[in-house]
$ cat query25.cif   # mmCIF, C-alpha atoms
data_data
loop_
_atom_site.label_atom_id
_atom_site.label_comp_id
_atom_site.auth_asym_id
_atom_site.auth_seq_id
_atom_site.Cartn_x
_atom_site.Cartn_y
_atom_site.Cartn_z
CA MET P 299 27.33 7.72 18.23
CA ASN P 300 30.53 7.25 16.23
CA ARG P 301 31.75 4.11 17.90
CA LYS P 302 32.02 0.40 17.26
CA ASN P 303 29.24 -2.08 17.93
CA VAL P 304 26.44 0.40 17.31
CA LYS P 305 22.96 -1.08 17.55
CA ALA P 306 19.77 0.76 16.71
CA LEU P 307 16.05 0.08 16.80
CA GLY P 308 13.94 0.70 13.70
CA LEU P 309 10.16 0.91 13.40
CA MET P 310 8.27 0.66 10.11
CA SER P 311 4.60 0.74 9.20
CA GLY P 312 4.19 0.59 5.44
CA THR P 313 1.53 1.79 3.03
CA SER P 314 -0.35 -1.50 3.30
CA ALA P 315 -0.98 -0.55 6.95
CA ASP P 316 -1.02 -4.20 7.97
CA GLY P 317 1.14 -3.87 11.07
CA LEU P 318 4.19 -2.43 12.80
CA THR P 319 7.57 -4.06 12.21
CA LEU P 320 10.41 -3.56 14.67
CA CYS P 321 14.01 -4.50 14.01
CA PHE P 322 17.00 -4.35 16.34
CA PHE P 323 19.88 -3.90 13.93
CA ASP P 324 23.64 -4.16 14.44
CA ILE P 325 24.90 -1.36 12.23
CA SER P 326 28.56 -2.26 12.63
CA ALA P 327 28.02 -5.90 11.62
CA LYS P 328 25.27 -5.18 9.05
CA LYS P 329 23.20 -7.79 10.84
CA THR P 330 19.64 -8.13 12.09
CA ILE P 331 19.75 -9.14 15.74
CA CYS P 332 16.00 -9.70 16.01
CA PHE P 333 12.79 -8.45 14.46
CA LYS P 334 9.06 -8.99 14.68
CA ASN P 335 5.92 -7.78 12.95
CA TYR P 336 2.96 -6.92 15.14
CA PRO P 337 -0.19 -7.03 12.98
CA TYR P 338 -2.87 -4.38 13.31
CA ASN P 339 -6.44 -5.51 13.75
CA ILE P 340 -8.65 -5.00 10.69
CA LYS P 341 -10.48 -2.09 12.31
CA LEU P 342 -7.26 -0.11 12.82
CA GLN P 343 -5.94 -1.05 9.36
CA ASN P 344 -9.08 0.19 7.65
CA LYS P 345 -8.96 3.33 9.79
CA ILE P 346 -5.40 4.07 8.64
CA LEU P 347 -6.28 3.42 5.00
CA ARG P 348 -9.14 5.94 5.26
CA ALA P 349 -7.07 8.53 7.12
CA LYS P 350 -6.43 10.73 4.08
CA ASP P 351 -10.12 11.71 4.15
CA PHE P 352 -10.28 12.41 7.90
CA THR P 353 -11.11 15.75 9.44
CA VAL P 354 -8.22 17.50 11.18
CA PRO P 355 -9.43 16.50 14.69
CA ALA P 356 -9.77 12.84 13.65
CA LEU P 357 -6.34 12.83 12.00
CA SER P 358 -4.77 14.45 15.06
CA GLU P 359 -6.36 11.79 17.26
CA LEU P 360 -5.03 8.98 15.02
CA ASN P 361 -1.56 10.56 15.15
CA PHE P 362 -1.55 10.24 18.94
CA GLU P 363 -3.25 6.84 18.93
CA LEU P 364 -0.49 5.44 16.71
CA GLY P 365 2.22 7.18 18.73
CA ARG P 366 1.01 5.50 21.92
CA LEU P 367 0.76 2.15 20.12
CA TYR P 368 4.31 2.46 18.73
CA ALA P 369 5.72 3.13 22.20
CA LYS P 370 3.72 0.32 23.80
CA THR P 371 4.75 -2.12 21.06
CA ALA P 372 8.42 -1.09 21.24
CA LEU P 373 8.46 -1.70 25.00
CA LYS P 374 6.86 -5.10 24.40
CA PHE P 375 9.47 -5.88 21.72
CA VAL P 376 12.52 -5.09 23.88
CA LYS P 377 11.08 -7.12 26.75
CA GLU P 378 10.22 -10.05 24.49
CA PHE P 379 13.74 -10.21 23.04
CA ASN P 380 15.60 -9.28 26.26
CA ILE P 381 17.09 -6.11 24.78
CA ARG P 382 18.70 -3.80 27.30
CA LYS P 383 17.77 -0.17 26.74
CA LYS P 384 21.37 0.86 27.34
CA ASP P 385 22.35 -1.15 24.24
CA ILE P 386 20.05 0.91 21.98
CA ALA P 387 22.07 3.81 20.54
CA ALA P 388 19.19 5.25 18.54
CA ILE P 389 15.57 4.70 17.54
CA GLY P 390 14.35 5.44 14.03
CA SER P 391 10.60 5.62 13.46
CA HIS P 392 9.30 6.02 9.93
CA GLY P 393 5.75 6.64 11.08
CA GLN P 394 2.62 5.94 9.04
CA THR P 395 2.32 7.65 5.67
CA VAL P 396 -1.22 8.94 5.25
CA TRP P 397 -0.48 11.12 2.24
CA HIS P 398 2.45 11.54 -0.13
CA GLY P 399 2.17 14.29 -2.73
CA PRO P 400 5.63 15.17 -4.09
CA ARG P 401 4.23 16.39 -7.41
CA ALA P 402 1.52 18.64 -5.95
CA LYS P 403 1.61 22.40 -6.55
CA VAL P 404 3.15 22.58 -3.11
CA PRO P 405 5.12 19.29 -2.77
CA ASN P 406 4.22 17.62 0.51
CA THR P 407 4.19 14.43 2.54
CA LEU P 408 2.63 13.42 5.85
CA GLN P 409 3.69 10.67 8.23
CA ILE P 410 1.90 10.32 11.58
CA GLY P 411 2.55 8.36 14.78
CA GLU P 412 3.58 10.93 17.39
CA ALA P 413 7.22 10.15 18.24
CA SER P 414 7.12 11.92 21.64
CA PHE P 415 5.65 8.76 23.15
CA LEU P 416 8.67 6.72 22.04
CA ALA P 417 11.01 9.34 23.51
CA GLU P 418 9.08 9.25 26.79
CA ALA P 419 9.13 5.44 26.92
CA PHE P 420 12.86 5.27 26.11
CA LYS P 421 14.24 8.21 28.10
CA GLY P 422 17.83 9.08 27.23
CA ILE P 423 17.72 7.40 23.81
CA PRO P 424 17.47 9.76 20.81
CA VAL P 425 14.43 9.16 18.61
CA VAL P 426 14.65 10.19 14.96
CA TYR P 427 11.41 10.59 13.01
CA ASN P 428 9.81 12.51 10.10
CA PHE P 429 12.50 11.49 7.62
CA ARG P 430 10.93 12.50 4.29
CA PRO P 431 10.42 16.31 4.52
CA ALA P 432 14.15 17.13 4.51
CA ASP P 433 14.54 15.47 1.12
CA ILE P 434 11.52 17.37 -0.26
CA ALA P 435 12.95 20.62 1.10
CA ALA P 436 16.15 19.83 -0.83
CA GLY P 437 14.13 19.52 -4.04
CA GLY P 438 13.53 15.76 -3.94
CA SER P 439 10.42 13.61 -3.93
CA GLY P 440 10.91 12.32 -0.38
CA ALA P 441 11.01 8.71 -1.59
CA PRO P 442 12.40 6.16 -1.90
CA LEU P 443 14.69 6.55 1.12
CA VAL P 444 16.11 3.02 1.37
CA PRO P 445 18.76 3.17 -1.42
CA VAL P 446 21.49 4.47 0.92
CA PHE P 447 20.81 1.52 3.23
CA ASP P 448 20.69 -0.91 0.30
CA LYS P 449 24.09 0.30 -0.87
CA TYR P 450 25.43 -0.19 2.65
CA ILE P 451 24.09 -3.75 2.78
CA CYS P 452 25.23 -4.74 -0.72
CA GLY P 453 28.76 -3.48 -0.09
CA GLY P 454 29.67 -3.04 -3.76
CA LYS P 455 27.86 -6.11 -5.11
CA LYS P 456 25.72 -5.70 -8.22
CA ALA P 457 22.09 -6.27 -7.36
CA MET P 458 18.52 -5.02 -7.64
CA LEU P 459 16.52 -4.89 -4.41
CA LEU P 460 12.77 -4.78 -4.94
CA ASN P 461 10.48 -3.92 -2.06
CA ILE P 462 6.86 -4.95 -2.63
CA GLY P 463 4.69 -3.21 -0.06
CA GLY P 464 1.59 -1.23 -0.95
CA ILE P 465 3.84 0.48 -3.50
CA SER P 466 6.70 -1.34 -5.23
CA ASN P 467 10.06 0.42 -5.20
CA ILE P 468 13.48 -0.68 -6.33
CA THR P 469 17.12 0.09 -5.62
CA VAL P 470 19.85 -0.68 -8.13
CA CYS P 471 23.39 -1.20 -6.88
CA ALA P 472 25.62 -1.31 -9.93
CA GLY P 473 29.17 -1.07 -8.62
CA LYS P 474 29.80 2.47 -7.40
CA LYS P 475 26.55 3.66 -8.98
CA ILE P 476 23.31 3.56 -6.99
CA TYR P 477 19.84 4.72 -7.95
CA GLY P 478 16.24 3.83 -7.24
CA PHE P 479 12.62 4.76 -7.84
CA ASP P 480 9.04 3.88 -7.05
CA ILE P 481 7.74 1.57 -9.78
CA GLY P 482 4.01 1.52 -9.25
CA PRO P 483 1.50 -0.63 -7.39
CA GLY P 484 2.84 -3.37 -5.18
CA ASN P 485 0.21 -5.11 -3.09
CA SER P 486 -2.18 -2.14 -3.25
CA LEU P 487 -4.29 -3.23 -6.24
CA SER P 488 -5.03 -6.80 -5.15
CA ASP P 489 -5.33 -5.69 -1.50
CA ALA P 490 -7.96 -3.12 -2.46
CA ALA P 491 -9.84 -5.63 -4.62
CA VAL P 492 -9.94 -8.24 -1.84
CA ASN P 493 -11.03 -5.59 0.66
CA ILE P 494 -13.89 -4.48 -1.60
CA LEU P 495 -15.02 -8.00 -2.48
CA SER P 496 -14.99 -9.14 1.17
CA LYS P 497 -16.61 -5.88 2.38
CA GLY P 498 -13.69 -5.17 4.66
CA LYS P 499 -13.45 -8.63 6.23
CA LYS P 500 -10.21 -9.46 4.38
CA THR P 501 -7.41 -7.10 3.46
CA TYR P 502 -5.13 -9.15 1.20
CA ASP P 503 -4.83 -12.25 -1.00
CA LYS P 504 -2.91 -14.61 1.29
CA ASP P 505 -0.08 -16.36 -0.61
CA GLY P 506 -1.72 -15.22 -3.87
CA LYS P 507 -4.21 -18.10 -3.65
CA ILE P 508 -7.14 -16.19 -5.16
CA ALA P 509 -4.98 -14.96 -8.05
CA ALA P 510 -3.76 -18.52 -8.65
CA SER P 511 -7.34 -19.78 -8.95
CA PHE P 512 -8.08 -17.88 -12.16
CA LYS P 513 -6.42 -17.00 -15.47
CA PRO P 514 -5.51 -13.33 -15.78
CA ASP P 515 -6.89 -11.15 -18.55
CA VAL P 516 -3.48 -10.55 -20.11
CA LYS P 517 -4.81 -8.20 -22.79
CA LYS P 518 -6.46 -5.91 -20.25
CA ALA P 519 -3.36 -5.97 -18.05
CA GLU P 520 -1.18 -4.95 -21.01
CA GLU P 521 -3.53 -2.08 -21.85
CA LEU P 522 -3.55 -0.79 -18.25
CA CYS P 523 0.22 -1.21 -17.98
CA ARG P 524 0.79 1.47 -20.61
CA MET P 525 -0.31 4.24 -18.25
CA PHE P 526 2.50 3.35 -15.84
CA ILE P 527 5.40 3.03 -18.26
CA GLY P 528 6.63 6.29 -19.74
CA SER P 529 9.99 7.55 -20.90
CA LYS P 530 11.33 7.64 -17.36
CA PRO P 531 10.51 6.09 -13.96
CA LEU P 532 7.61 7.44 -11.92
CA VAL P 533 9.98 8.13 -8.97
CA SER P 534 7.52 8.54 -6.06
CA LEU P 535 3.87 7.61 -5.66
CA GLU P 536 0.88 7.91 -3.32
CA ARG P 537 -0.65 4.55 -2.45
CA SER P 538 -4.29 5.63 -2.26
CA LEU P 539 -4.31 6.60 -5.95
CA LEU P 540 -3.41 2.99 -6.76
CA ALA P 541 -6.09 1.37 -4.63
CA GLU P 542 -9.87 1.85 -4.50
CA PRO P 543 -10.03 4.76 -7.01
CA PHE P 544 -8.13 2.69 -9.58
CA ILE P 545 -10.33 -0.37 -8.99
CA ASN P 546 -13.55 1.65 -9.22
CA LYS P 547 -12.47 3.27 -12.47
CA TYR P 548 -11.04 0.30 -14.36
CA PHE P 549 -12.90 -2.60 -12.72
CA PRO P 550 -16.39 -1.13 -12.08
CA LYS P 551 -17.97 -4.61 -12.04
CA LEU P 552 -15.31 -6.19 -9.86
CA GLU P 553 -15.27 -10.00 -9.64
CA LEU P 554 -13.05 -12.48 -7.83
CA LYS P 555 -11.29 -13.41 -11.08
CA ASP P 556 -10.09 -9.80 -11.42
CA VAL P 557 -7.67 -10.38 -8.53
CA SER P 558 -5.69 -12.59 -10.92
CA THR P 559 -5.55 -9.83 -13.56
CA LEU P 560 -4.49 -7.26 -10.96
CA ASN P 561 -1.74 -9.59 -9.73
CA TYR P 562 -0.48 -10.06 -13.28
CA LEU P 563 -0.71 -6.31 -13.94
CA THR P 564 1.44 -5.61 -10.87
CA ALA P 565 4.10 -8.08 -12.05
CA LEU P 566 3.94 -6.70 -15.60
CA ILE P 567 4.51 -3.11 -14.46
CA ILE P 568 7.49 -4.20 -12.36
CA ALA P 569 8.98 -6.33 -15.17
CA LYS P 570 8.64 -3.61 -17.82
CA SER P 571 10.16 -1.01 -15.48
CA VAL P 572 13.11 -3.31 -14.76
CA LYS P 573 13.67 -3.94 -18.49
CA ASN P 574 13.19 -0.33 -19.63
CA PHE P 575 14.92 1.60 -16.87
CA ILE P 576 17.57 -0.78 -15.52
CA LEU P 577 18.54 -3.65 -17.80
CA ASN P 578 18.84 -1.35 -20.81
CA LYS P 579 21.79 0.40 -19.17
CA ASP P 580 23.15 -1.82 -16.40
CA ASP P 581 24.15 -5.47 -16.44
CA VAL P 582 22.55 -6.62 -13.19
CA LYS P 583 21.34 -10.21 -13.04
CA ASN P 584 20.22 -10.64 -9.41
CA LEU P 585 16.87 -9.40 -8.14
CA TYR P 586 16.20 -9.70 -4.40
CA LEU P 587 12.65 -9.30 -3.13
CA CYS P 588 11.52 -7.97 0.23
CA GLY P 589 8.32 -6.71 1.82
CA GLY P 590 5.02 -8.51 2.23
CA GLY P 591 4.77 -9.21 -1.51
CA VAL P 592 7.55 -11.78 -1.15
CA TYR P 593 4.97 -14.22 0.18
CA ASN P 594 2.56 -13.76 -2.71
CA LYS P 595 3.59 -16.90 -4.60
CA THR P 596 1.54 -16.04 -7.67
CA LEU P 597 3.18 -12.63 -7.96
CA ALA P 598 6.63 -14.21 -7.67
CA LEU P 599 5.78 -16.75 -10.38
CA ASN P 600 4.47 -14.00 -12.67
CA LEU P 601 7.66 -12.00 -12.13
CA ALA P 602 9.85 -15.01 -12.91
CA ALA P 603 7.94 -15.65 -16.15
CA LEU P 604 8.17 -12.01 -17.22
CA LEU P 605 11.88 -11.63 -16.36
CA PRO P 606 13.63 -14.64 -17.90
CA GLY P 607 17.37 -14.58 -17.36
CA ILE P 608 17.09 -12.73 -14.06
CA LYS P 609 17.86 -14.69 -10.90
CA ILE P 610 15.08 -13.90 -8.44
CA GLY P 611 15.48 -14.53 -4.73
CA SER P 612 14.76 -12.74 -1.47
CA THR P 613 16.95 -10.45 0.62
CA ALA P 614 17.37 -13.44 2.94
CA ASP P 615 19.92 -14.59 0.35
CA ILE P 616 22.10 -11.62 1.31
CA GLY P 617 21.54 -11.98 5.03
CA LEU P 618 18.52 -9.74 5.60
CA HIS P 619 15.04 -11.10 6.31
CA PRO P 620 12.61 -9.69 3.70
CA LEU P 621 10.19 -8.46 6.36
CA ALA P 622 12.92 -6.82 8.45
CA LYS P 623 14.61 -4.78 5.73
CA GLU P 624 12.68 -1.51 5.86
CA ALA P 625 12.64 -1.36 9.68
CA ALA P 626 16.39 -2.03 9.62
CA ALA P 627 16.80 0.74 7.05
CA PHE P 628 15.25 3.33 9.36
CA ALA P 629 17.44 2.15 12.24
CA TYR P 630 20.42 2.85 9.97
CA LEU P 631 19.03 6.17 8.71
CA ALA P 632 18.55 7.28 12.33
CA TRP P 633 22.20 6.52 13.03
CA LEU P 634 23.25 8.53 9.97
CA SER P 635 21.12 11.48 11.06
CA LEU P 636 22.56 11.55 14.56
CA ASN P 637 26.05 11.58 13.06
CA GLY P 638 25.14 14.44 10.74
CA LYS P 639 25.49 12.20 7.68
CA PRO P 640 23.16 12.38 4.66
CA GLY P 641 20.52 9.68 4.34
CA GLY P 642 18.96 10.98 1.15
CA CYS P 643 20.00 9.64 -2.24
CA THR P 644 19.88 12.29 -4.99
CA SER P 645 19.90 9.72 -7.80
CA ALA P 646 16.79 8.14 -6.28
CA THR P 647 14.72 11.14 -5.18
CA GLY P 648 15.96 13.87 -7.53
CA ALA P 649 17.01 16.15 -4.67
CA LYS P 650 19.55 18.87 -5.37
CA ARG P 651 21.70 17.62 -2.53
CA ALA P 652 21.82 14.62 -0.19
CA ALA P 653 20.10 15.86 2.96
CA VAL P 654 20.52 14.82 6.57
CA LEU P 655 17.09 13.35 7.28
CA GLY P 656 14.69 13.52 10.18
CA CYS P 657 13.88 15.35 13.40
CA VAL P 658 15.30 14.31 16.78
CA ILE P 659 13.71 14.03 20.22
CA LYS P 660 15.64 13.10 23.35
CA GLN P 661 14.12 13.21 26.82
#
$ encode --input "query25.cif" --output "structure tokens"
Amino acid sequence: MNRKNVKALGLMSGTSADGLTLCFFDISAKKTICFKNYPYNIKLQNKILRAKDFTVPALSELNFELGRLYAKTALKFVKEFNIRKKDIAAIGSHGQTVWHGPRAKVPNTLQIGEASFLAEAFKGIPVVYNFRPADIAAGGSGAPLVPVFDKYICGGKKAMLLNIGGISNITVCAGKKIYGFDIGPGNSLSDAAVNILSKGKKTYDKDGKIAASFKPDVKKAEELCRMFIGSKPLVSLERSLLAEPFINKYFPKLELKDVSTLNYLTALIIAKSVKNFILNKDDVKNLYLCGGGVYNKTLALNLAALLPGIKIGSTADIGLHPLAKEAAAFAYLAWLSLNGKPGGCTSATGAKRAAVLGCVIKQ
């Protein structure tokens, strides 16, 4: 593995459960060769979002269903982009998080998507999976795991990299110092609201158009924001707690206009976290967005209004497509694991040591 021109394949399915992203990443050149997102149908997406309440047999079945789908999709991807299997040094599969409970009495996390099917489909290529438990075993929260990759990409530049998936998380590269944390809801609140209002027919507010059609209830957003901003960052969160249960509790008579308030609340939580936990101690002026939330124009406008003086762009500005970043990160983390190098970041997860992440299968 320790050689020049190393290329690896990364697979990522985030907490929004909207699809599987694959990225073929040139680790040596820090460059995305190609990537593509393969959307899930609404039936599968809703199934994944309900998985935390499944019986053990149903969850086991979904684990294998996703594993087969990952392998089938990966084979389709390499054929579509004319990638030779012999050029793939490693495959990193994050899997699908169905539960993340780092602050439970017994800290735990669960990612499914049986990796044996990838190993069978790509015989001879090592597949690394189940990245988060090693960090939890080392005393960490198991998330976020992308800061080590973000540091690698930034190469010493000062920057904040904000991923807006179901959960929003941020990495801060401030010279030699690197740290990161989960902020709070990303797309999860407005996604859940749209899902409820459409009775499962829609799963997100495309381009933030619904949110843009109404004025947010700023006072209510400010009141709700207080529960997310404490004396220190939240570090690591479970998506489901920031979806339907939150909506049902605080928006019991949900209306379409509430999507605007939820959008503003999401931006407000991010902005206050950036001000309180980053800008108060580090002079970082550039904020690069990635993840599906990049395309929510209303969210981006709210962030810009709440963070004056901060230059907001996307990770495309530093050479990495915003939808490819997390898949690329797990390609890189797989390469680190196979070289026996730590992928965990103690300043991000709180682990006692930087652990080598993941389990390996090679057929």
$ residues_around --input "query25.cif" --residues "P:Gly473" --least-positions-apart "4" --cutoff "10 Å" --atoms "all atoms listed in the file" --output "JSON, numbers by chain"
{"P": [449, 452, 453, 454, 455, 456, 457, 580, 582]}
$ write_last_selection --input "query25.cif" --atoms "C-alpha atoms" --output "PDB file, in the coordinates of the input"
ATOM      1  CA  LYS P 449      24.090   0.300  -0.870  1.00  0.00           C
ATOM      2  CA  CYS P 452      25.230  -4.740  -0.720  1.00  0.00           C
ATOM      3  CA  GLY P 453      28.760  -3.480  -0.090  1.00  0.00           C
ATOM      4  CA  GLY P 454      29.670  -3.040  -3.760  1.00  0.00           C
ATOM      5  CA  LYS P 455      27.860  -6.110  -5.110  1.00  0.00           C
ATOM      6  CA  LYS P 456      25.720  -5.700  -8.220  1.00  0.00           C
ATOM      7  CA  ALA P 457      22.090  -6.270  -7.360  1.00  0.00           C
ATOM      8  CA  ASP P 580      23.150  -1.820 -16.400  1.00  0.00           C
ATOM      9  CA  VAL P 582      22.550  -6.620 -13.190  1.00  0.00           C
TER      10      VAL P 582
END
$ resolve_selection --input "query25.cif" --expression "the PyMOL selection byres ((chain P and resi 606) around 12)" --output "list in words"
Ala569, Val572, Lys573, Lys583, Asn584, Leu585, Leu599, Asn600, Leu601, Ala602, Ala603, Leu604, Leu605, Gly607, Ile608, Lys609 and Ile610 of chain P
$ resolve_selection --input "query25.cif" --expression "the PyMOL selection byres ((chain P and resi 328) around 10)" --output "list in words"
Lys305, Phe323, Asp324, Ile325, Ser326, Ala327, Lys329, Thr330, Ile331, Phe447, Tyr450, Ile451, Cys452, Gly453, Gly617, Leu618, Ala626 and Tyr630 of chain P
$ resolve_selection --input "query25.cif" --expression "the PyMOL selection byres ((chain P and resi 423) around 8)" --output "ChimeraX atom specification"
/P:386-389,417,420-422,424-425,660-661
$ write_last_selection --input "query25.cif" --atoms "C-alpha atoms" --output "short mmCIF file (atom, residue, chain, number, x, y, z; two decimals), in the coordinates of the input"
data_model
loop_
_atom_site.label_atom_id
_atom_site.label_comp_id
_atom_site.auth_asym_id
_atom_site.auth_seq_id
_atom_site.Cartn_x
_atom_site.Cartn_y
_atom_site.Cartn_z
CA ILE P 386 20.05 0.91 21.98
CA ALA P 387 22.07 3.81 20.54
CA ALA P 388 19.19 5.25 18.54
CA ILE P 389 15.57 4.70 17.54
CA ALA P 417 11.01 9.34 23.51
CA PHE P 420 12.86 5.27 26.11
CA LYS P 421 14.24 8.21 28.10
CA GLY P 422 17.83 9.08 27.23
CA PRO P 424 17.47 9.76 20.81
CA VAL P 425 14.43 9.16 18.61
CA LYS P 660 15.64 13.10 23.35
CA GLN P 661 14.12 13.21 26.82
#
$ closest_residue --input "query25.cif" --among "P:Leu357, P:Leu566, P:Leu320, P:Ile465" --to "P:Gly482" --atoms "only C-alpha atoms"
P:Ile465
$ residues_around --input "query25.cif" --residues "P:Leu309" --least-positions-apart "4" --cutoff "10 Å" --atoms "all atoms listed in the file" --output "list in words"
Leu318, Thr319, Leu320, Cys321, Phe322, Phe333, Asn335, Tyr368, Thr371, Ala372, Ile389, Gly390, Ser391, His392, Gly393, Tyr427, Ala622, Glu624, Ala625, Ala626, Ala627, Phe628 and Ala629 of chain P
$ residues_near_point --input "query25.cif" --point "(2.3, -15.9, -4.3)" --cutoff "9 Å" --atoms "only C-alpha atoms" --output "list in words"
Asp503, Lys504, Asp505, Gly506, Lys507, Ala509, Ala510, Gly591, Val592, Tyr593, Asn594, Lys595, Thr596, Leu597, Ala598, Leu599 and Asn600 of chain P
$ write_last_selection --input "query25.cif" --atoms "C-alpha atoms" --output "PDB file, in the frame of the given file"
ATOM      1  CA  ASP P 503      -4.830 -12.250  -1.000  1.00  0.00           C
ATOM      2  CA  LYS P 504      -2.910 -14.610   1.290  1.00  0.00           C
ATOM      3  CA  ASP P 505      -0.080 -16.360  -0.610  1.00  0.00           C
ATOM      4  CA  GLY P 506      -1.720 -15.220  -3.870  1.00  0.00           C
ATOM      5  CA  LYS P 507      -4.210 -18.100  -3.650  1.00  0.00           C
ATOM      6  CA  ALA P 509      -4.980 -14.960  -8.050  1.00  0.00           C
ATOM      7  CA  ALA P 510      -3.760 -18.520  -8.650  1.00  0.00           C
ATOM      8  CA  GLY P 591       4.770  -9.210  -1.510  1.00  0.00           C
ATOM      9  CA  VAL P 592       7.550 -11.780  -1.150  1.00  0.00           C
ATOM     10  CA  TYR P 593       4.970 -14.220   0.180  1.00  0.00           C
ATOM     11  CA  ASN P 594       2.560 -13.760  -2.710  1.00  0.00           C
ATOM     12  CA  LYS P 595       3.590 -16.900  -4.600  1.00  0.00           C
ATOM     13  CA  THR P 596       1.540 -16.040  -7.670  1.00  0.00           C
ATOM     14  CA  LEU P 597       3.180 -12.630  -7.960  1.00  0.00           C
ATOM     15  CA  ALA P 598       6.630 -14.210  -7.670  1.00  0.00           C
ATOM     16  CA  LEU P 599       5.780 -16.750 -10.380  1.00  0.00           C
ATOM     17  CA  ASN P 600       4.470 -14.000 -12.670  1.00  0.00           C
TER      18      ASN P 600
END
$ residues_near_point --input "query25.cif" --point "(20.0, 12.5, -7.5)" --cutoff "12 Å" --atoms "all atoms listed in the file" --output "list in words"
Asp433, Ala436, Gly437, Gly438, Ser439, Gly440, Ala441, Pro442, Leu443, Pro445, Val446, Lys475, Ile476, Tyr477, Gly478, Phe479, Val533, Gly642, Cys643, Thr644, Ser645, Ala646, Thr647, Gly648, Ala649, Lys650, Arg651, Ala652 and Ala653 of chain P
$ atom_distance --input "query25.cif" --atom1 "atom CA of P:Gly312" --atom2 "atom CA of P:Asp515"
28.9 Å
$ closest_residue --input "query25.cif" --among "P:Lys334, P:Asn467, P:Ile659, P:Asn461" --to "P:Phe415" --atoms "all atoms listed in the file"
P:Ile659
$ closest_residue --input "query25.cif" --among "P:Glu412, P:Val396, P:Leu552, P:Leu307" --to "P:Arg382" --atoms "all atoms listed in the file"
P:Leu307
$ closest_residue --input "query25.cif" --among "P:Gly365, P:Gln409, P:Ser466, P:Asn339" --to "P:Phe429" --atoms "all atoms listed in the file"
P:Gln409
$ atom_distance --input "query25.cif" --atom1 "atom CA of P:Asn428" --atom2 "atom CA of P:Val404"
17.9 Å
